[in-house]
Amino acid sequence: MTRTRLRHLPPRVTLAMRRRVLPLTLALLCTACARQVLSTAPAPAARVATSGASRVAVPTRGPLSSSETVNYILGRGLLVPVAGVAVSQLTDTFDEGRDGGRVHRALDILAPRGTPVLAADDGRILRVRPNALGGNTVYATDPEGKVVYYYAHLDAYQPGLAEGAKVARGDVLGIVGTTGNAPKDTPHLHFQVMSMPPDGKYWDGDAINPYPLFLLLHAARP
């Protein structure tokens, strides 16, 4: 399949920058949030493997410290996972309240229905299936299995997307929509970043606010 190629620069995050942002990012390491058809615009083709077991084994590991997790994500860099959306267009929705007394613990990225949803990082697909709150959702992890990326409210999945498949940063996972409990007049991607729990229960990791990380990575670019 054809891979969607997007221009992105490698992060240049200095030690001084990390020290300045560390108090903020550590404060944003919170408890896991409650987990929470086709569009008029077709999604471009992506390089997506179609093979893989329906159940993906996730290795257990010793817990990473908060600073290790933050620095690891900063070192990898993240792509804004909606095509055409710049960091300057993002709004921090991490601590907003939701119905039922929940706290959002994720970033809502608004975009027109049918806009391609992109993999924020290289890695592997853990789960491709709907749930009541998130609608059509995708769970993925980075190549080392330290971080979990959760994409929700997709109107449709990219054809061929499969659990266990390897993906590259910028590959199309699906398209922006309003499935699940999203307002039907507000298409957006619910994007959540979590640390991988030691027990491998990837849906229940501690949520990390990606907004300040996007800001820092954007500021570090020449």
# chains A, B, ... in the order shown; residues from 1 in each chain; ligands from 1

$ residues_around --residues "Pro130 of chain A" --least-positions-apart "4" --cutoff "12 Å" --atoms "only C-alpha atoms" --output "ChimeraX atom specification"
/A:35-36,134-139,150-157,179-181

$ write_last_selection --atoms "N, CA, C and O atoms" --output "PDB file, in the first residue's frame"
ATOM      1  N   ARG A  35     -12.689   5.328  30.132  1.00  0.00           N
ATOM      2  CA  ARG A  35     -12.593   5.105  28.704  1.00  0.00           C
ATOM      3  C   ARG A  35     -13.920   5.419  28.046  1.00  0.00           C
ATOM      4  O   ARG A  35     -14.974   5.011  28.434  1.00  0.00           O
ATOM      5  N   GLN A  36     -13.124   6.237  28.192  1.00  0.00           N
ATOM      6  CA  GLN A  36     -14.337   6.503  27.582  1.00  0.00           C
ATOM      7  C   GLN A  36     -14.573   5.164  26.993  1.00  0.00           C
ATOM      8  O   GLN A  36     -14.201   4.348  27.866  1.00  0.00           O
ATOM      9  N   GLY A 134     -16.216   5.888  23.246  1.00  0.00           N
ATOM     10  CA  GLY A 134     -15.298   6.326  22.206  1.00  0.00           C
ATOM     11  C   GLY A 134     -15.769   6.076  20.793  1.00  0.00           C
ATOM     12  O   GLY A 134     -15.177   6.599  19.846  1.00  0.00           O
ATOM     13  N   GLY A 135     -16.827   5.290  20.613  1.00  0.00           N
ATOM     14  CA  GLY A 135     -17.237   4.951  19.251  1.00  0.00           C
ATOM     15  C   GLY A 135     -16.179   4.074  18.597  1.00  0.00           C
ATOM     16  O   GLY A 135     -15.666   3.133  19.209  1.00  0.00           O
ATOM     17  N   ASN A 136     -15.839   4.381  17.366  1.00  0.00           N
ATOM     18  CA  ASN A 136     -14.782   3.642  16.669  1.00  0.00           C
ATOM     19  C   ASN A 136     -13.430   4.093  17.219  1.00  0.00           C
ATOM     20  O   ASN A 136     -13.056   5.259  17.081  1.00  0.00           O
ATOM     21  N   THR A 137     -12.698   3.180  17.830  1.00  0.00           N
ATOM     22  CA  THR A 137     -11.467   3.539  18.519  1.00  0.00           C
ATOM     23  C   THR A 137     -10.297   2.679  18.047  1.00  0.00           C
ATOM     24  O   THR A 137     -10.469   1.574  17.532  1.00  0.00           O
ATOM     25  N   VAL A 138      -9.091   3.238  18.270  1.00  0.00           N
ATOM     26  CA  VAL A 138      -7.846   2.526  17.996  1.00  0.00           C
ATOM     27  C   VAL A 138      -6.912   2.728  19.183  1.00  0.00           C
ATOM     28  O   VAL A 138      -6.732   3.860  19.645  1.00  0.00           O
ATOM     29  N   TYR A 139      -6.349   1.647  19.684  1.00  0.00           N
ATOM     30  CA  TYR A 139      -5.258   1.710  20.644  1.00  0.00           C
ATOM     31  C   TYR A 139      -3.977   1.301  19.932  1.00  0.00           C
ATOM     32  O   TYR A 139      -3.959   0.304  19.199  1.00  0.00           O
ATOM     33  N   TYR A 150      -4.364   6.506  22.206  1.00  0.00           N
ATOM     34  CA  TYR A 150      -5.775   6.141  22.066  1.00  0.00           C
ATOM     35  C   TYR A 150      -6.452   7.164  21.165  1.00  0.00           C
ATOM     36  O   TYR A 150      -6.417   8.369  21.430  1.00  0.00           O
ATOM     37  N   TYR A 151      -7.065   6.687  20.082  1.00  0.00           N
ATOM     38  CA  TYR A 151      -7.747   7.525  19.099  1.00  0.00           C
ATOM     39  C   TYR A 151      -9.228   7.147  19.120  1.00  0.00           C
ATOM     40  O   TYR A 151      -9.572   5.973  18.938  1.00  0.00           O
ATOM     41  N   ALA A 152     -10.115   8.134  19.306  1.00  0.00           N
ATOM     42  CA  ALA A 152     -11.538   7.804  19.462  1.00  0.00           C
ATOM     43  C   ALA A 152     -12.429   8.716  18.620  1.00  0.00           C
ATOM     44  O   ALA A 152     -12.009   9.777  18.159  1.00  0.00           O
ATOM     45  N   HIS A 153     -13.682   8.299  18.441  1.00  0.00           N
ATOM     46  CA  HIS A 153     -14.746   8.985  17.705  1.00  0.00           C
ATOM     47  C   HIS A 153     -14.538   8.945  16.190  1.00  0.00           C
ATOM     48  O   HIS A 153     -15.113   9.759  15.460  1.00  0.00           O
ATOM     49  N   LEU A 154     -13.738   8.010  15.693  1.00  0.00           N
ATOM     50  CA  LEU A 154     -13.526   7.911  14.250  1.00  0.00           C
ATOM     51  C   LEU A 154     -14.845   7.589  13.544  1.00  0.00           C
ATOM     52  O   LEU A 154     -15.630   6.763  14.016  1.00  0.00           O
ATOM     53  N   ASP A 155     -15.087   8.228  12.401  1.00  0.00           N
ATOM     54  CA  ASP A 155     -16.262   7.871  11.610  1.00  0.00           C
ATOM     55  C   ASP A 155     -16.055   6.535  10.913  1.00  0.00           C
ATOM     56  O   ASP A 155     -17.015   5.792  10.683  1.00  0.00           O
ATOM     57  N   ALA A 156     -14.825   6.221  10.542  1.00  0.00           N
ATOM     58  CA  ALA A 156     -14.524   4.949   9.882  1.00  0.00           C
ATOM     59  C   ALA A 156     -13.048   4.639  10.055  1.00  0.00           C
ATOM     60  O   ALA A 156     -12.232   5.538  10.249  1.00  0.00           O
ATOM     61  N   TYR A 157     -12.727   3.352   9.988  1.00  0.00           N
ATOM     62  CA  TYR A 157     -11.334   2.918  10.042  1.00  0.00           C
ATOM     63  C   TYR A 157     -10.730   2.909   8.643  1.00  0.00           C
ATOM     64  O   TYR A 157     -11.434   2.720   7.640  1.00  0.00           O
ATOM     65  N   THR A 179     -18.569   9.364  16.262  1.00  0.00           N
ATOM     66  CA  THR A 179     -19.125   8.138  16.836  1.00  0.00           C
ATOM     67  C   THR A 179     -18.939   8.129  18.353  1.00  0.00           C
ATOM     68  O   THR A 179     -18.160   8.896  18.911  1.00  0.00           O
ATOM     69  N   GLY A 180     -19.663   7.251  19.025  1.00  0.00           N
ATOM     70  CA  GLY A 180     -19.611   7.211  20.480  1.00  0.00           C
ATOM     71  C   GLY A 180     -20.415   8.342  21.082  1.00  0.00           C
ATOM     72  O   GLY A 180     -21.480   8.702  20.577  1.00  0.00           O
ATOM     73  N   ASN A 181     -19.901   8.933  22.154  1.00  0.00           N
ATOM     74  CA  ASN A 181     -20.644   9.994  22.840  1.00  0.00           C
ATOM     75  C   ASN A 181     -20.236  11.389  22.396  1.00  0.00           C
ATOM     76  O   ASN A 181     -20.508  12.366  23.084  1.00  0.00           O
TER      77      ASN A 181
END

$ residues_around --residues "His188 of chain A" --least-positions-apart "2" --cutoff "8 Å" --atoms "only C-alpha atoms" --output "list in words"
Asp108, Ile109, Leu110, Ala111, Pro112, Arg113, His153, Val176, Gly177, Thr178, Thr186 and His190 of chain A

$ write_last_selection --atoms "N, CA and C atoms" --output "short mmCIF file (atom, residue, chain, number, x, y, z; two decimals), in the first residue's frame"
data_model
loop_
_atom_site.label_atom_id
_atom_site.label_comp_id
_atom_site.auth_asym_id
_atom_site.auth_seq_id
_atom_site.Cartn_x
_atom_site.Cartn_y
_atom_site.Cartn_z
N ASP A 108 -8.96 17.04 22.65
CA ASP A 108 -9.90 17.03 21.54
C ASP A 108 -9.34 17.89 20.42
N ILE A 109 -9.20 17.30 19.24
CA ILE A 109 -8.65 17.99 18.07
C ILE A 109 -9.76 18.12 17.04
N LEU A 110 -10.29 19.34 16.90
CA LEU A 110 -11.41 19.58 16.00
C LEU A 110 -10.93 19.63 14.55
N ALA A 111 -11.73 19.03 13.67
CA ALA A 111 -11.42 19.04 12.24
C ALA A 111 -12.68 18.64 11.49
N PRO A 112 -12.78 18.99 10.21
CA PRO A 112 -13.96 18.60 9.44
C PRO A 112 -14.13 17.08 9.38
N ARG A 113 -15.36 16.67 9.36
CA ARG A 113 -15.65 15.23 9.25
C ARG A 113 -14.95 14.67 8.01
N HIS A 153 -13.68 8.30 18.44
CA HIS A 153 -14.75 8.98 17.71
C HIS A 153 -14.54 8.94 16.19
N VAL A 176 -11.79 11.44 10.91
CA VAL A 176 -12.43 12.17 12.00
C VAL A 176 -13.95 12.03 11.90
N GLY A 177 -14.58 11.87 13.06
CA GLY A 177 -16.04 11.75 13.05
C GLY A 177 -16.67 12.11 14.38
N THR A 178 -17.81 11.48 14.65
CA THR A 178 -18.58 11.78 15.86
C THR A 178 -19.18 10.52 16.47
N THR A 186 -20.09 18.23 16.19
CA THR A 186 -18.72 18.66 16.49
C THR A 186 -17.75 17.52 16.19
N HIS A 190 -10.63 12.46 19.61
CA HIS A 190 -10.27 12.36 21.02
C HIS A 190 -8.95 11.61 21.06
#

$ atom_distance --atom1 "atom CA of Leu217 of chain A" --atom2 "atom CA of Pro197 of chain A"
24.8 Å

$ closest_residue --among "A:Thr93, A:Thr141, A:Gln158, A:Thr69" --to "Lys201 of chain A" --atoms "only C-alpha atoms"
A:Thr141

$ residues_around --residues "Pro143 of chain A" --least-positions-apart "3" --cutoff "7 Å" --atoms "only C-alpha atoms" --output "list in words"
Asp122, Gly123 and Arg124 of chain A

$ write_last_selection --atoms "all heavy atoms" --output "PDB file, in the first residue's frame"
ATOM      1  N   ASP A 122       5.522   5.993  15.403  1.00  0.00           N
ATOM      2  CA  ASP A 122       5.732   4.636  14.924  1.00  0.00           C
ATOM      3  C   ASP A 122       5.262   3.658  15.996  1.00  0.00           C
ATOM      4  O   ASP A 122       5.246   3.989  17.186  1.00  0.00           O
ATOM      5  CB  ASP A 122       7.221   4.377  14.665  1.00  0.00           C
ATOM      6  CG  ASP A 122       7.815   5.293  13.613  1.00  0.00           C
ATOM      7  OD1 ASP A 122       7.051   5.840  12.797  1.00  0.00           O
ATOM      8  OD2 ASP A 122       9.047   5.457  13.616  1.00  0.00           O
ATOM      9  N   GLY A 123       4.928   2.455  15.590  1.00  0.00           N
ATOM     10  CA  GLY A 123       4.571   1.480  16.603  1.00  0.00           C
ATOM     11  C   GLY A 123       3.732   0.345  16.078  1.00  0.00           C
ATOM     12  O   GLY A 123       3.885  -0.086  14.933  1.00  0.00           O
ATOM     13  N   ARG A 124       2.799  -0.095  16.910  1.00  0.00           N
ATOM     14  CA  ARG A 124       2.016  -1.284  16.630  1.00  0.00           C
ATOM     15  C   ARG A 124       0.586  -1.069  17.098  1.00  0.00           C
ATOM     16  O   ARG A 124       0.343  -0.442  18.136  1.00  0.00           O
ATOM     17  CB  ARG A 124       2.644  -2.474  17.362  1.00  0.00           C
ATOM     18  CG  ARG A 124       2.066  -3.832  17.043  1.00  0.00           C
ATOM     19  CD  ARG A 124       3.024  -4.926  17.533  1.00  0.00           C
ATOM     20  NE  ARG A 124       3.353  -4.755  18.936  1.00  0.00           N
ATOM     21  CZ  ARG A 124       2.847  -5.493  19.919  1.00  0.00           C
ATOM     22  NH1 ARG A 124       1.964  -6.439  19.636  1.00  0.00           N
ATOM     23  NH2 ARG A 124       3.196  -5.306  21.168  1.00  0.00           N
TER      24      ARG A 124
END

$ closest_residue --among "A:Val117, A:Lys146, A:Gly100, A:Val85" --to "Asp199 of chain A" --atoms "only C-alpha atoms"
A:Lys146

$ closest_residue --among "A:Pro116, A:Gly84, A:Gly75, A:Gly205" --to "Val172 of chain A" --atoms "only C-alpha atoms"
A:Pro116

$ residues_around --residues "segment 79-82 of chain A" --least-positions-apart "5" --cutoff "6 Å" --atoms "only C-alpha atoms" --output "mmCIF file with N, CA, C and O atoms, in the first residue's frame"
data_model
loop_
_atom_site.group_PDB
_atom_site.id
_atom_site.type_symbol
_atom_site.label_atom_id
_atom_site.label_comp_id
_atom_site.auth_asym_id
_atom_site.auth_seq_id
_atom_site.Cartn_x
_atom_site.Cartn_y
_atom_site.Cartn_z
ATOM 1 N N VAL A 117 -7.150 10.745 10.148
ATOM 2 C CA VAL A 117 -6.528 10.594 11.460
ATOM 3 C C VAL A 117 -5.225 9.830 11.251
ATOM 4 O O VAL A 117 -5.214 8.762 10.633
ATOM 5 N N LEU A 118 -4.134 10.376 11.761
ATOM 6 C CA LEU A 118 -2.801 9.852 11.494
ATOM 7 C C LEU A 118 -2.176 9.244 12.748
ATOM 8 O O LEU A 118 -2.443 9.688 13.872
ATOM 9 N N ALA A 119 -1.326 8.278 12.556
ATOM 10 C CA ALA A 119 -0.561 7.725 13.671
ATOM 11 C C ALA A 119 0.400 8.790 14.188
ATOM 12 O O ALA A 119 1.175 9.360 13.418
ATOM 13 N N ALA A 120 0.349 9.056 15.486
ATOM 14 C CA ALA A 120 1.208 10.082 16.080
ATOM 15 C C ALA A 120 2.644 9.612 16.210
ATOM 16 O O ALA A 120 3.556 10.435 16.353
#

$ atom_distance --atom1 "atom CA of Gly114 of chain A" --atom2 "atom CA of Leu215 of chain A"
25.5 Å
